[in-house]
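Heads up, model-v2.csv below (CSV, C-alpha atoms):
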chain,number,residue,atom,x,y,z
Q,1,MET,CA,0.6,-59.8,-60.4
Q,2,SER,CA,4.1,-60.6,-61.8
Q,3,LYS,CA,4.6,-63.1,-64.7
Q,4,LEU,CA,6.0,-65.6,-62.2
Q,5,SER,CA,2.9,-65.4,-60.0
Q,6,LYS,CA,0.6,-65.8,-63.0
Q,7,LEU,CA,2.5,-68.8,-64.3
Q,8,ALA,CA,2.6,-70.4,-60.8
Q,9,SER,CA,-1.1,-69.7,-60.4
Q,10,GLN,CA,-1.8,-71.4,-63.7
Q,11,ALA,CA,0.4,-74.4,-62.8
Q,12,LYS,CA,-1.3,-74.9,-59.4
Q,13,LYS,CA,-4.6,-75.5,-61.2
Q,14,THR,CA,-3.0,-78.6,-62.8
Q,15,LYS,CA,-3.7,-81.8,-60.9
Q,16,PRO,CA,-0.7,-83.0,-59.0
Q,17,ALA,CA,-0.7,-86.3,-60.8
Q,18,ALA,CA,-0.4,-84.5,-64.1
Q,19,PHE,CA,2.9,-82.7,-63.3
Q,20,THR,CA,4.8,-82.6,-66.6
Q,21,GLU,CA,7.1,-80.2,-68.4
Q,22,GLU,CA,4.0,-78.1,-69.1
Q,23,SER,CA,3.3,-77.6,-65.4
Q,24,ILE,CA,5.0,-75.8,-62.5
Q,25,LYS,CA,8.1,-78.0,-62.8
Q,26,ASN,CA,9.4,-75.5,-65.3
Q,27,PHE,CA,7.8,-72.3,-64.2
Q,28,THR,CA,11.1,-70.6,-63.3
Q,29,GLN,CA,12.5,-71.4,-66.7
Q,30,ARG,CA,9.3,-70.1,-68.4
Q,31,VAL,CA,9.5,-66.8,-66.5
Q,32,GLU,CA,13.2,-66.4,-67.4
Q,33,ASP,CA,12.3,-67.0,-71.1
Q,34,ALA,CA,9.5,-64.4,-70.7
Q,35,GLY,CA,12.1,-61.7,-69.7
Q,36,VAL,CA,13.1,-59.1,-72.2
Q,37,VAL,CA,16.6,-59.1,-73.5
Q,38,GLU,CA,18.2,-55.7,-72.9
Q,39,THR,CA,21.7,-54.2,-73.0
Q,40,VAL,CA,22.6,-53.3,-69.4
Q,41,ALA,CA,25.6,-51.5,-68.0
Q,42,THR,CA,27.7,-53.9,-66.0
Q,43,ALA,CA,28.2,-51.3,-63.3
Q,44,LYS,CA,24.5,-51.3,-62.6
Q,45,ILE,CA,24.4,-55.1,-62.0
Q,46,GLN,CA,24.7,-56.1,-58.3
Q,47,LEU,CA,26.0,-59.5,-57.3
Q,48,ASN,CA,23.4,-61.5,-55.4
Q,49,PRO,CA,24.4,-61.8,-51.7
Q,50,ALA,CA,22.4,-65.0,-51.4
Q,51,ASN,CA,24.6,-66.9,-53.9
Q,52,ASP,CA,26.3,-69.5,-51.7
Q,53,TYR,CA,28.1,-71.1,-54.7
Q,54,ARG,CA,30.4,-68.1,-55.0
Q,55,ARG,CA,33.0,-69.6,-52.6
Q,56,GLN,CA,33.8,-72.4,-55.1
Q,57,ASP,CA,34.6,-70.0,-57.9
Q,58,ASN,CA,38.3,-69.5,-57.7
Q,59,ASP,CA,40.4,-66.9,-59.5
Q,60,ASP,CA,41.8,-69.5,-62.0
Q,61,SER,CA,38.3,-70.6,-63.1
Q,62,ILE,CA,37.2,-66.9,-63.6
Q,63,ARG,CA,40.4,-66.2,-65.6
Q,64,SER,CA,39.8,-69.2,-67.8
Q,65,LEU,CA,36.2,-68.2,-68.5
Q,66,ALA,CA,37.3,-64.6,-69.2
Q,67,GLU,CA,39.7,-65.9,-71.9
Q,68,ASP,CA,36.9,-68.0,-73.4
Q,69,ILE,CA,34.6,-64.9,-73.5
Q,70,GLU,CA,37.3,-62.9,-75.0
Q,71,ARG,CA,37.7,-65.5,-77.8
Q,72,GLN,CA,34.1,-66.4,-78.5
Q,73,GLY,CA,32.0,-63.6,-76.9
Q,74,LEU,CA,29.3,-64.1,-74.4
Q,75,LEU,CA,27.3,-67.2,-75.5
Q,76,HIS,CA,24.6,-67.0,-72.8
Q,77,ASN,CA,22.8,-63.9,-71.6
Q,78,LEU,CA,22.8,-63.1,-67.9
Q,79,VAL,CA,19.5,-63.1,-66.1
Q,80,VAL,CA,18.7,-60.1,-63.8
Q,81,SER,CA,15.8,-58.7,-61.9
Q,82,GLU,CA,15.1,-55.1,-62.4
Q,83,LYS,CA,15.0,-52.9,-59.3
Q,84,VAL,CA,13.6,-49.3,-59.4
Q,85,ASP,CA,14.1,-47.2,-56.3
Q,86,ASN,CA,13.3,-43.4,-56.4
Q,87,GLY,CA,13.6,-43.4,-60.1
Q,88,VAL,CA,17.0,-45.1,-60.1
Q,89,THR,CA,17.2,-48.4,-61.9
Q,90,THR,CA,19.6,-51.2,-60.8
Q,91,TYR,CA,19.7,-54.9,-61.5
Q,92,LEU,CA,20.1,-57.9,-59.1
Q,93,LEU,CA,21.9,-60.8,-60.7
Q,94,ILE,CA,19.8,-64.0,-60.8
Q,95,SER,CA,21.9,-66.2,-63.0
Q,96,GLY,CA,25.5,-65.8,-64.4
Q,97,GLU,CA,27.7,-64.6,-61.7
Q,98,ARG,CA,30.8,-66.3,-63.1
Q,99,ARG,CA,30.2,-64.7,-66.4
Q,100,LEU,CA,29.7,-61.3,-64.9
Q,101,ARG,CA,32.9,-61.6,-62.8
Q,102,ALA,CA,34.8,-62.7,-66.0
Q,103,ILE,CA,33.5,-59.7,-67.9
Q,104,ARG,CA,34.6,-57.4,-65.1
Q,105,LEU,CA,38.0,-59.0,-65.2
Q,106,LEU,CA,38.2,-58.3,-68.9
Q,107,THR,CA,37.3,-54.6,-68.2
Q,108,GLU,CA,40.1,-54.4,-65.7
Q,109,ARG,CA,42.5,-55.8,-68.2
Q,110,GLU,CA,41.5,-53.2,-70.8
Q,111,VAL,CA,42.0,-50.4,-68.3
Q,112,GLU,CA,45.4,-51.8,-67.4
Q,113,LYS,CA,46.4,-51.8,-71.0
Q,114,VAL,CA,45.7,-48.1,-71.3
Q,115,LYS,CA,47.6,-47.3,-68.1
Q,116,ASN,CA,50.6,-49.2,-69.5
Q,117,GLY,CA,50.4,-47.2,-72.8
Q,118,SER,CA,49.1,-50.1,-74.8
Q,119,THR,CA,46.0,-50.1,-77.0
Q,120,GLY,CA,43.0,-50.8,-74.9
Q,121,ASP,CA,39.3,-50.2,-74.9
Q,122,PRO,CA,37.8,-49.8,-71.3
Q,123,GLY,CA,34.3,-49.5,-72.7
Q,124,LYS,CA,34.5,-52.7,-74.7
Q,125,TYR,CA,32.8,-54.7,-71.9
Q,126,ALA,CA,31.0,-51.8,-70.2
Q,127,THR,CA,27.6,-53.3,-71.2
Q,128,VAL,CA,26.3,-56.8,-71.5
Q,129,ASN,CA,23.1,-58.4,-72.9
Q,130,CYS,CA,20.8,-59.5,-70.1
Q,131,ARG,CA,17.4,-61.2,-69.9
Q,132,VAL,CA,15.6,-58.7,-67.7
Q,133,VAL,CA,12.7,-60.0,-65.5
Q,134,LYS,CA,10.5,-57.4,-63.9
Q,135,GLY,CA,8.1,-57.3,-61.0
Q,136,LEU,CA,9.6,-60.0,-58.9
Q,137,THR,CA,9.2,-60.0,-55.1
Q,138,ASP,CA,12.2,-60.7,-52.9
Q,139,ARG,CA,11.0,-64.2,-52.4
Q,140,GLN,CA,10.5,-64.8,-56.1
Q,141,GLU,CA,14.0,-63.5,-56.8
Q,142,MET,CA,15.3,-66.1,-54.3
Q,143,ILE,CA,13.3,-68.8,-56.0
Q,144,MET,CA,14.8,-67.8,-59.3
Q,145,LEU,CA,18.3,-67.7,-57.9
Q,146,ASP,CA,18.1,-71.1,-56.3
Q,147,ALA,CA,16.4,-72.7,-59.3
Q,148,ALA,CA,19.2,-71.4,-61.6
Q,149,ASN,CA,21.9,-72.7,-59.3
Q,150,LEU,CA,20.3,-76.1,-58.9
Q,151,GLN,CA,19.8,-76.4,-62.6
Q,152,THR,CA,23.4,-75.6,-63.4
Q,153,ARG,CA,25.4,-76.6,-60.3
Q,154,GLY,CA,23.2,-79.0,-58.4
Q,155,GLY,CA,24.9,-82.4,-57.9
Q,156,ALA,CA,28.4,-81.0,-58.4
Q,157,GLY,CA,30.9,-78.9,-56.5
Q,158,ASP,CA,29.9,-77.4,-53.2
Q,159,GLU,CA,27.4,-79.9,-51.6
Q,160,ALA,CA,26.8,-77.7,-48.6
Q,161,ALA,CA,25.7,-74.9,-50.9
Q,162,THR,CA,23.5,-77.3,-52.8
Q,163,ARG,CA,21.8,-78.5,-49.7
Q,164,LYS,CA,21.1,-75.0,-48.5
Q,165,ALA,CA,19.8,-74.0,-51.9
Q,166,MET,CA,17.4,-77.0,-52.0
Q,167,VAL,CA,16.0,-76.3,-48.6
Q,168,ARG,CA,15.6,-72.6,-49.2
Q,169,TYR,CA,14.0,-73.3,-52.6
Q,170,ARG,CA,11.6,-75.8,-51.0
Q,171,GLU,CA,10.5,-73.4,-48.2
Q,172,ASN,CA,10.1,-70.4,-50.5
Q,173,VAL,CA,8.1,-72.3,-53.2
Q,174,MET,CA,5.8,-73.9,-50.5
Q,175,ALA,CA,5.2,-70.5,-48.9
Q,176,GLU,CA,4.7,-68.6,-52.1
Q,177,TYR,CA,2.6,-71.1,-54.1
Q,178,GLY,CA,1.1,-73.5,-51.6
Q,179,LEU,CA,2.8,-76.6,-53.0
Q,180,THR,CA,3.4,-79.7,-50.9
Q,181,GLU,CA,6.9,-80.8,-49.8
Q,182,GLY,CA,6.6,-83.8,-52.1
Q,183,GLN,CA,5.6,-81.7,-55.1
Q,184,VAL,CA,8.6,-79.4,-54.6
Q,185,ARG,CA,10.9,-82.4,-54.3
Q,186,ASP,CA,9.6,-83.6,-57.7
Q,187,ILE,CA,10.4,-80.1,-59.2
Q,188,ILE,CA,14.0,-80.3,-57.9
Q,189,VAL,CA,14.5,-83.7,-59.3
Q,190,ASP,CA,13.1,-82.7,-62.7
Q,191,MET,CA,15.0,-79.5,-63.1
Q,192,SER,CA,18.4,-80.5,-61.6
Q,193,PRO,CA,21.1,-83.1,-62.6
Q,194,MET,CA,20.4,-84.9,-59.2
Q,195,GLY,CA,18.3,-88.0,-59.0
Q,196,LEU,CA,15.6,-88.7,-56.4
Q,197,THR,CA,18.0,-90.6,-54.1
Q,198,THR,CA,20.5,-87.7,-54.0
Q,199,VAL,CA,17.7,-85.1,-53.4
Q,200,ASN,CA,16.2,-87.2,-50.6
Q,201,SER,CA,19.6,-87.8,-48.9
Q,202,ASN,CA,20.5,-84.1,-49.1
Q,203,LEU,CA,17.1,-83.1,-47.6
Q,204,MET,CA,17.5,-85.7,-44.9
Q,205,ILE,CA,20.9,-84.4,-43.9
Q,206,GLU,CA,19.7,-80.7,-44.0
Q,207,ASP,CA,16.5,-81.4,-42.1
Q,208,ASN,CA,17.6,-83.9,-39.4
Q,209,LEU,CA,21.4,-83.8,-38.9
Q,210,ARG,CA,22.7,-81.7,-36.0
Q,211,ALA,CA,24.7,-78.6,-37.0
Q,212,GLU,CA,27.9,-79.9,-35.4
Q,213,LEU,CA,27.7,-83.1,-37.4
Q,214,LYS,CA,26.8,-81.2,-40.5
Q,215,ASN,CA,29.9,-79.1,-40.1
Q,216,MET,CA,32.0,-82.3,-39.7
Q,217,LEU,CA,30.5,-83.5,-43.0
Q,218,ASP,CA,31.3,-80.2,-44.8
Q,219,SER,CA,34.9,-80.4,-43.4
Q,220,ASN,CA,35.3,-84.0,-44.5
Q,221,GLU,CA,35.6,-85.3,-41.0
Q,222,ILE,CA,32.7,-87.7,-41.6
Q,223,ASN,CA,31.6,-88.9,-45.0
Q,224,LYS,CA,28.1,-88.7,-46.5
Q,225,LYS,CA,27.2,-92.3,-45.7
Q,226,GLN,CA,28.0,-91.7,-42.1
Q,227,ALA,CA,26.2,-88.4,-42.0
Q,228,LEU,CA,23.0,-90.1,-43.4
Q,229,THR,CA,23.2,-92.8,-40.8
Q,230,PHE,CA,23.7,-90.3,-38.0
Q,231,ALA,CA,20.8,-88.2,-39.3
Q,232,LYS,CA,18.5,-91.1,-38.6
Q,233,LEU,CA,19.4,-91.1,-34.9
Q,234,SER,CA,17.5,-89.1,-32.3
Q,235,GLN,CA,18.8,-85.6,-31.4
Q,236,GLN,CA,20.0,-86.9,-28.1
Q,237,GLN,CA,22.0,-89.8,-29.7
Q,238,GLN,CA,23.4,-87.4,-32.3
Q,239,LYS,CA,24.5,-85.0,-29.4
Q,240,LEU,CA,26.4,-87.9,-27.8
Q,241,VAL,CA,28.2,-88.6,-31.1
Q,242,SER,CA,29.0,-84.9,-31.8
Q,243,ASP,CA,30.1,-84.1,-28.3
Q,244,SER,CA,32.4,-87.1,-28.1
Q,245,ILE,CA,34.0,-86.4,-31.5
Q,246,SER,CA,34.4,-82.7,-30.7
Q,247,GLY,CA,35.9,-83.5,-27.3
Q,248,LEU,CA,38.4,-85.8,-28.9
Q,249,LYS,CA,39.4,-83.2,-31.5
Q,250,ALA,CA,39.8,-80.5,-28.9
Q,251,ALA,CA,42.0,-82.7,-26.7
Q,252,CYS,CA,44.2,-83.5,-29.7
Q,253,LEU,CA,44.6,-79.9,-30.8
Q,254,LYS,CA,45.3,-78.7,-27.2
Q,255,ASN,CA,48.0,-81.3,-26.7
Q,256,ASP,CA,49.4,-81.0,-30.3
Q,257,THR,CA,48.4,-84.6,-31.2
Q,258,ASP,CA,47.6,-85.8,-34.7
Q,259,TYR,CA,43.9,-86.5,-34.6
Q,260,THR,CA,43.3,-87.8,-38.1
Q,261,ASN,CA,43.4,-91.5,-37.4
Q,262,LEU,CA,41.9,-91.1,-33.9
Q,263,MET,CA,39.0,-89.2,-35.4
Q,264,LYS,CA,38.4,-91.9,-38.1
Q,265,LYS,CA,38.5,-94.6,-35.5
Q,266,ALA,CA,36.0,-92.8,-33.2
Q,267,VAL,CA,33.6,-92.0,-36.1
Q,268,GLN,CA,33.8,-95.5,-37.3
Q,269,GLY,CA,33.0,-96.8,-33.8
Q,270,PHE,CA,29.8,-94.7,-33.6
Q,271,PHE,CA,28.9,-95.7,-37.2
Q,272,ASP,CA,29.3,-99.4,-36.3
Q,273,ALA,CA,27.1,-98.9,-33.2
Q,274,THR,CA,24.2,-97.8,-35.4
Q,275,GLU,CA,24.1,-101.3,-37.0
Q,276,GLN,CA,22.5,-102.8,-33.9
Q,277,LYS,CA,19.0,-104.2,-34.4
Q,278,THR,CA,17.1,-102.5,-31.6
Q,279,ASP,CA,17.1,-99.0,-30.1
Q,280,LYS,CA,18.2,-100.3,-26.8
Q,281,LYS,CA,21.2,-102.1,-28.3
Q,282,ILE,CA,22.0,-99.0,-30.4
Q,283,ASN,CA,22.0,-96.8,-27.2
Q,284,GLU,CA,24.3,-99.3,-25.4
Q,285,ALA,CA,26.7,-99.5,-28.3
Q,286,LEU,CA,26.8,-95.7,-28.6
Q,287,GLU,CA,27.5,-95.3,-24.9
Q,288,LYS,CA,30.3,-97.9,-25.2
Q,289,SER,CA,31.8,-96.0,-28.1
Q,290,ALA,CA,31.5,-92.7,-26.2
Q,291,ALA,CA,33.3,-94.4,-23.2
Q,292,GLN,CA,36.1,-95.5,-25.5
Q,293,VAL,CA,36.5,-92.0,-26.8
Q,294,ARG,CA,36.7,-90.6,-23.2
Q,295,THR,CA,39.4,-93.1,-22.5
Q,296,GLU,CA,41.3,-92.0,-25.6
Q,297,VAL,CA,41.0,-88.4,-24.4
Q,298,GLU,CA,42.3,-89.3,-21.0
Q,299,ASN,CA,45.2,-91.2,-22.6
Q,300,ILE,CA,46.1,-88.1,-24.7
Q,301,VAL,CA,46.0,-85.8,-21.7
Q,302,GLN,CA,48.0,-88.3,-19.5
Q,303,ALA,CA,50.6,-88.7,-22.2
Q,304,MET,CA,51.3,-85.0,-22.4
Q,305,LYS,CA,51.9,-84.6,-18.6
Q,306,PRO,CA,55.5,-84.0,-17.5
Q,307,VAL,CA,57.2,-87.3,-16.9
Q,308,LYS,CA,58.6,-87.6,-13.3
Q,309,PRO,CA,62.3,-88.7,-13.3
Q,310,THR,CA,63.0,-92.0,-11.8
Q,311,VAL,CA,65.9,-92.4,-9.3
Q,312,LYS,CA,67.9,-95.7,-9.6
Q,313,LYS,CA,69.3,-97.4,-6.5
Q,314,ALA,CA,72.9,-96.2,-7.1
Q,315,GLN,CA,71.7,-92.6,-7.7
Q,316,ARG,CA,69.4,-92.9,-4.7
Q,317,ASP,CA,72.3,-93.9,-2.4
Q,318,MET,CA,74.4,-91.0,-3.7
Q,319,LEU,CA,71.6,-88.5,-3.1
Q,320,LEU,CA,71.1,-89.9,0.4
Q,321,ALA,CA,74.8,-89.4,1.1
Q,322,ASP,CA,74.5,-85.9,-0.1
Q,323,CYS,CA,71.6,-85.4,2.2
Q,324,ASP,CA,73.6,-86.6,5.2
Q,325,ALA,CA,76.5,-84.3,4.2
Q,326,ILE,CA,74.1,-81.3,4.0
Q,327,ALA,CA,72.5,-82.2,7.3
Q,328,GLY,CA,76.0,-82.3,8.9
Q,329,LYS,CA,76.8,-78.9,7.5
Q,330,ILE,CA,73.5,-77.5,8.9
Q,331,ALA,CA,74.3,-79.0,12.3
Q,332,ARG,CA,77.8,-77.4,12.4
Q,333,LEU,CA,76.5,-74.0,11.2
Q,334,SER,CA,73.7,-74.1,13.7
Q,335,THR,CA,76.3,-74.6,16.4
Q,336,GLN,CA,78.3,-71.7,15.1
Q,337,LYS,CA,75.2,-69.6,15.0
Q,338,ALA,CA,74.3,-70.5,18.6
Q,339,VAL,CA,77.8,-69.6,19.8
Q,340,ALA,CA,77.8,-66.3,17.9
Q,341,ASN,CA,74.4,-65.4,19.4
Q,342,ILE,CA,75.8,-66.2,22.9
Q,343,ARG,CA,78.6,-63.8,22.1
Q,344,ARG,CA,76.0,-61.4,20.6
Q,345,PHE,CA,77.7,-61.4,17.3
Q,346,ASP,CA,74.4,-61.3,15.3
Q,347,GLY,CA,76.3,-60.5,12.1
Q,348,ALA,CA,78.6,-63.5,12.4
Q,349,THR,CA,79.8,-65.0,9.1
Q,350,ASP,CA,81.3,-68.3,8.1
Q,351,GLU,CA,84.7,-68.8,6.5
Q,352,ASN,CA,83.4,-67.7,3.1
Q,353,GLY,CA,82.0,-64.4,4.4
Q,354,LEU,CA,78.3,-65.4,4.2
Q,355,LYS,CA,76.0,-64.8,7.0
Q,356,ILE,CA,75.6,-68.1,8.9
Q,357,GLY,CA,71.8,-67.8,9.1
Q,358,HIS,CA,71.4,-67.3,5.3
Q,359,ARG,CA,73.8,-70.2,4.6
Q,360,ILE,CA,71.7,-72.5,6.8
Q,361,ASP,CA,68.5,-71.5,4.9
Q,362,VAL,CA,70.2,-72.3,1.6
Q,363,LEU,CA,71.3,-75.7,2.8
Q,364,ILE,CA,67.9,-76.5,4.2
Q,365,SER,CA,66.3,-75.7,0.8
Q,366,GLU,CA,68.8,-77.9,-1.0
Q,367,LEU,CA,68.2,-80.7,1.4
Q,368,ILE,CA,64.4,-80.5,0.8
Q,369,ARG,CA,64.9,-80.4,-2.9
Q,370,LEU,CA,67.1,-83.5,-2.9
Q,371,LYS,CA,64.6,-85.4,-0.7
Q,372,LYS,CA,61.8,-84.6,-3.1
Q,373,LEU,CA,63.9,-85.8,-6.0
Q,374,ILE,CA,64.5,-89.1,-4.2
Q,375,GLU,CA,60.8,-89.5,-3.5
Q,376,GLY,CA,59.9,-88.7,-7.1
Q,377,ASP,CA,58.0,-85.5,-6.5
Q,378,GLU,CA,60.3,-83.4,-8.7

Would you put the structure from the file into structure tokens?
Amino acid sequence: MSKLSKLASQAKKTKPAAFTEESIKNFTQRVEDAGVVETVATAKIQLNPANDYRRQDNDDSIRSLAEDIERQGLLHNLVVSEKVDNGVTTYLLISGERRLRAIRLLTEREVEKVKNGSTGDPGKYATVNCRVVKGLTDRQEMIMLDAANLQTRGGAGDEAATRKAMVRYRENVMAEYGLTEGQVRDIIVDMSPMGLTTVNSNLMIEDNLRAELKNMLDSNEINKKQALTFAKLSQQQQKLVSDSISGLKAACLKNDTDYTNLMKKAVQGFFDATEQKTDKKINEALEKSAAQVRTEVENIVQAMKPVKPTVKKAQRDMLLADCDAIAGKIARLSTQKAVANIRRFDGATDENGLKIGHRIDVLISELIRLKKLIEGDE
């Protein structure tokens, strides 16, 4: 049994009402402290693929941390899980990805110095002090990773990553150690900078909000207050909201229309609809908001259709006169063609050298086009 399992087993014997800093609330920290500090080659440390916070660590922040480490040294050890496979030992990073990336950047700089003929020491950052924890299962490693992130990053930065870490931590701890959902919530509140209200709201969103609306929250198309309100609706009601908003956005993008204000108005309409007192009233208000969005979509599509030219009276009279003139030409040419056919001159031409039959066809096409223009079909 690993140290983590032993500590968790001891903690579970504690009565739920007696949860304190001596109980399971701090078991991840106690296991981390129980790890042995060793010097580990940075090349053997693997970044943890489950670290969703990585996307918020930009190059500037890593460079800044690297400069700080270069000045002061590494102030906090990395935490890694030892992995032995066929006699080969590697280490999975549990805590300290930003520090490891900064150290690797410093190594690259030292190598670059040597390449440029300057004084450099590529081996200066080849090893790093780590607190090595052994004997963890995959699930326990995940628990440790999420606990470390929630302790240091929870409540700040990437809220989507925080929500995901909270839910994953809750499910893993409940499955691994048989704790209740409420007990795990207490652990998260105790170990992270987040208060109970923030923890509850994040779990509410992650558990109840449809994926489409969750994506809108993460892309700032709806705010957290609106997300929490929508999360309290039924799945069918949420689908009506998400489908309507998605349809509006799609229509705007397709027709090259600025959707920012239209989206805000639509979202606010659905949010206001939830303030009704009864479910029946809420449904009616949601349907009304959805109908308004559909009308907005129709207006966008209609506005982007080609505008038919209008023919004023004076223009109309001129076009009609042109039609009469063309009709006259057709009549004369038809007579010429008839005479030519009688004389069996099938290749007869007009004064311009064009075949009479072809000339008639061209005039008929022109006449039809003018009539369509007059009628507004072109």

One-decimal distance in Å that lies between atom CA of Q:Gly120 and atom CA of Q:Leu78
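Between these atoms lies a distance of 24.7 Å.
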
Might you pull out every residue within 10 Å of Q:Arg168, with all atoms listed in the file counted and same-chain residues fewer than 6 positions away left off, and present them as an MDAnalysis selection string?
chainID Q and resid 142:143 146 162 174

Mind listing whatever residues come within 9 Å of the point (24.2, -69.6, -48.1)? Use only C-alpha atoms, file coordinates, and give them as a PyMOL selection string.
chain Q and resi 49-53+160-161+164-165

Which residues come within 9 Å of Q:Pro122, counting only C-alpha atoms, excluding same-chain residues fewer than 5 positions away, as a PDB file with C-alpha atoms, in the coordinates of the input?
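Ended up saving to out-v8.pdb:
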ATOM      1  CA  LEU Q 106      38.200 -58.300 -68.900  1.00  0.00           C
ATOM      2  CA  THR Q 107      37.300 -54.600 -68.200  1.00  0.00           C
ATOM      3  CA  GLU Q 108      40.100 -54.400 -65.700  1.00  0.00           C
ATOM      4  CA  ARG Q 109      42.500 -55.800 -68.200  1.00  0.00           C
ATOM      5  CA  GLU Q 110      41.500 -53.200 -70.800  1.00  0.00           C
ATOM      6  CA  VAL Q 111      42.000 -50.400 -68.300  1.00  0.00           C
ATOM      7  CA  GLU Q 112      45.400 -51.800 -67.400  1.00  0.00           C
ATOM      8  CA  LYS Q 113      46.400 -51.800 -71.000  1.00  0.00           C
ATOM      9  CA  VAL Q 114      45.700 -48.100 -71.300  1.00  0.00           C
TER      10      VAL Q 114
END

Please measure the separation of atom CA of Q:Leu92 and atom CA of Q:Ile45, giving the value in Å to one decimal.
5.9 Å

Residue among Q:Val88, Q:Thr335, Q:Ser95, Q:Ala147 lying closest to Q:Arg54, counting all atoms listed in the file
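Checking each candidate against Q:Arg54, we get Q:Ser95 as the closest.
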
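Proximity to Q:Glu366 at 9 Å, evaluated using only C-alpha atoms and with sequence-adjacent residues fewer than 5 positions away removed, yields Cys323, Ile326, Asp361 and Lys371 of chain Q.
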
Neighbour residues at most 12 Å from (28.5, -49.2, -72.4) (only C-alpha atoms) as a ChimeraX atom specification
/Q:39-44,107,121-129

So that I have them on file, write out the residues from the current selection with C-alpha atoms, as a PDB file, in the coordinates of the input.
ATOM      1  CA  THR Q  39      21.700 -54.200 -73.000  1.00  0.00           C
ATOM      2  CA  VAL Q  40      22.600 -53.300 -69.400  1.00  0.00           C
ATOM      3  CA  ALA Q  41      25.600 -51.500 -68.000  1.00  0.00           C
ATOM      4  CA  THR Q  42      27.700 -53.900 -66.000  1.00  0.00           C
ATOM      5  CA  ALA Q  43      28.200 -51.300 -63.300  1.00  0.00           C
ATOM      6  CA  LYS Q  44      24.500 -51.300 -62.600  1.00  0.00           C
ATOM      7  CA  THR Q 107      37.300 -54.600 -68.200  1.00  0.00           C
ATOM      8  CA  ASP Q 121      39.300 -50.200 -74.900  1.00  0.00           C
ATOM      9  CA  PRO Q 122      37.800 -49.800 -71.300  1.00  0.00           C
ATOM     10  CA  GLY Q 123      34.300 -49.500 -72.700  1.00  0.00           C
ATOM     11  CA  LYS Q 124      34.500 -52.700 -74.700  1.00  0.00           C
ATOM     12  CA  TYR Q 125      32.800 -54.700 -71.900  1.00  0.00           C
ATOM     13  CA  ALA Q 126      31.000 -51.800 -70.200  1.00  0.00           C
ATOM     14  CA  THR Q 127      27.600 -53.300 -71.200  1.00  0.00           C
ATOM     15  CA  VAL Q 128      26.300 -56.800 -71.500  1.00  0.00           C
ATOM     16  CA  ASN Q 129      23.100 -58.400 -72.900  1.00  0.00           C
TER      17      ASN Q 129
END

Between atom CA of Q:Lys83 and atom CA of Q:Arg101, what is the distance in Å, rounded to a tenth?
20.2 Å

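Across Q:Ile360, Q:Leu150, Q:Leu100, Q:Ala175, the tightest approach to Q:His76 is made by Q:Leu100 when counting all atoms listed in the file.
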
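In terms of minimum interatomic distance to Q:Lys249, Q:Arg294 ranks closest within Q:Arg163, Q:Arg294, Q:Lys277, Q:Lys288, counting all atoms listed in the file.
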
For Q:Ala211, please output as a list in words all residues within 10 Å (counting only C-alpha atoms; exclusion window: fewer than 5 positions along the same chain).
Ile205, Glu206, Met216, Leu217, Lys239 and Ser242 of chain Q

Select, from Q:Glu171, Q:Asp256, Q:Glu38, Q:Asp317, the residue with the minimum atom-to-atom distance to Q:Arg185, counting only C-alpha atoms.
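Smallest distance to Q:Arg185 is found for Q:Glu171.
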
Which one of Q:Pro306, Q:Phe230, Q:Gly135, Q:Asn299 sits closest to Q:Glu275 if you count only C-alpha atoms?
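Under the stated criterion, the closest residue is Q:Phe230.
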
Long-range neighbours of Q:Asp60 as a CSV table (one decimal) with C-alpha atoms, in the coordinates of the input, 12 Å cut-off, all atoms listed in the file, 3 positions minimum in chain:
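What ended up in selection-v1.csv:
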chain,number,residue,atom,x,y,z
Q,56,GLN,CA,33.8,-72.4,-55.1
Q,57,ASP,CA,34.6,-70.0,-57.9
Q,63,ARG,CA,40.4,-66.2,-65.6
Q,64,SER,CA,39.8,-69.2,-67.8
Q,65,LEU,CA,36.2,-68.2,-68.5
Q,66,ALA,CA,37.3,-64.6,-69.2
Q,67,GLU,CA,39.7,-65.9,-71.9
Q,98,ARG,CA,30.8,-66.3,-63.1
Q,101,ARG,CA,32.9,-61.6,-62.8
Q,102,ALA,CA,34.8,-62.7,-66.0
Q,105,LEU,CA,38.0,-59.0,-65.2

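The residue that comes closest to Q:Thr137, out of Q:Asp324, Q:Glu176, Q:Glu296, Q:Asp218 and on the basis of all atoms listed in the file, is Q:Glu176.
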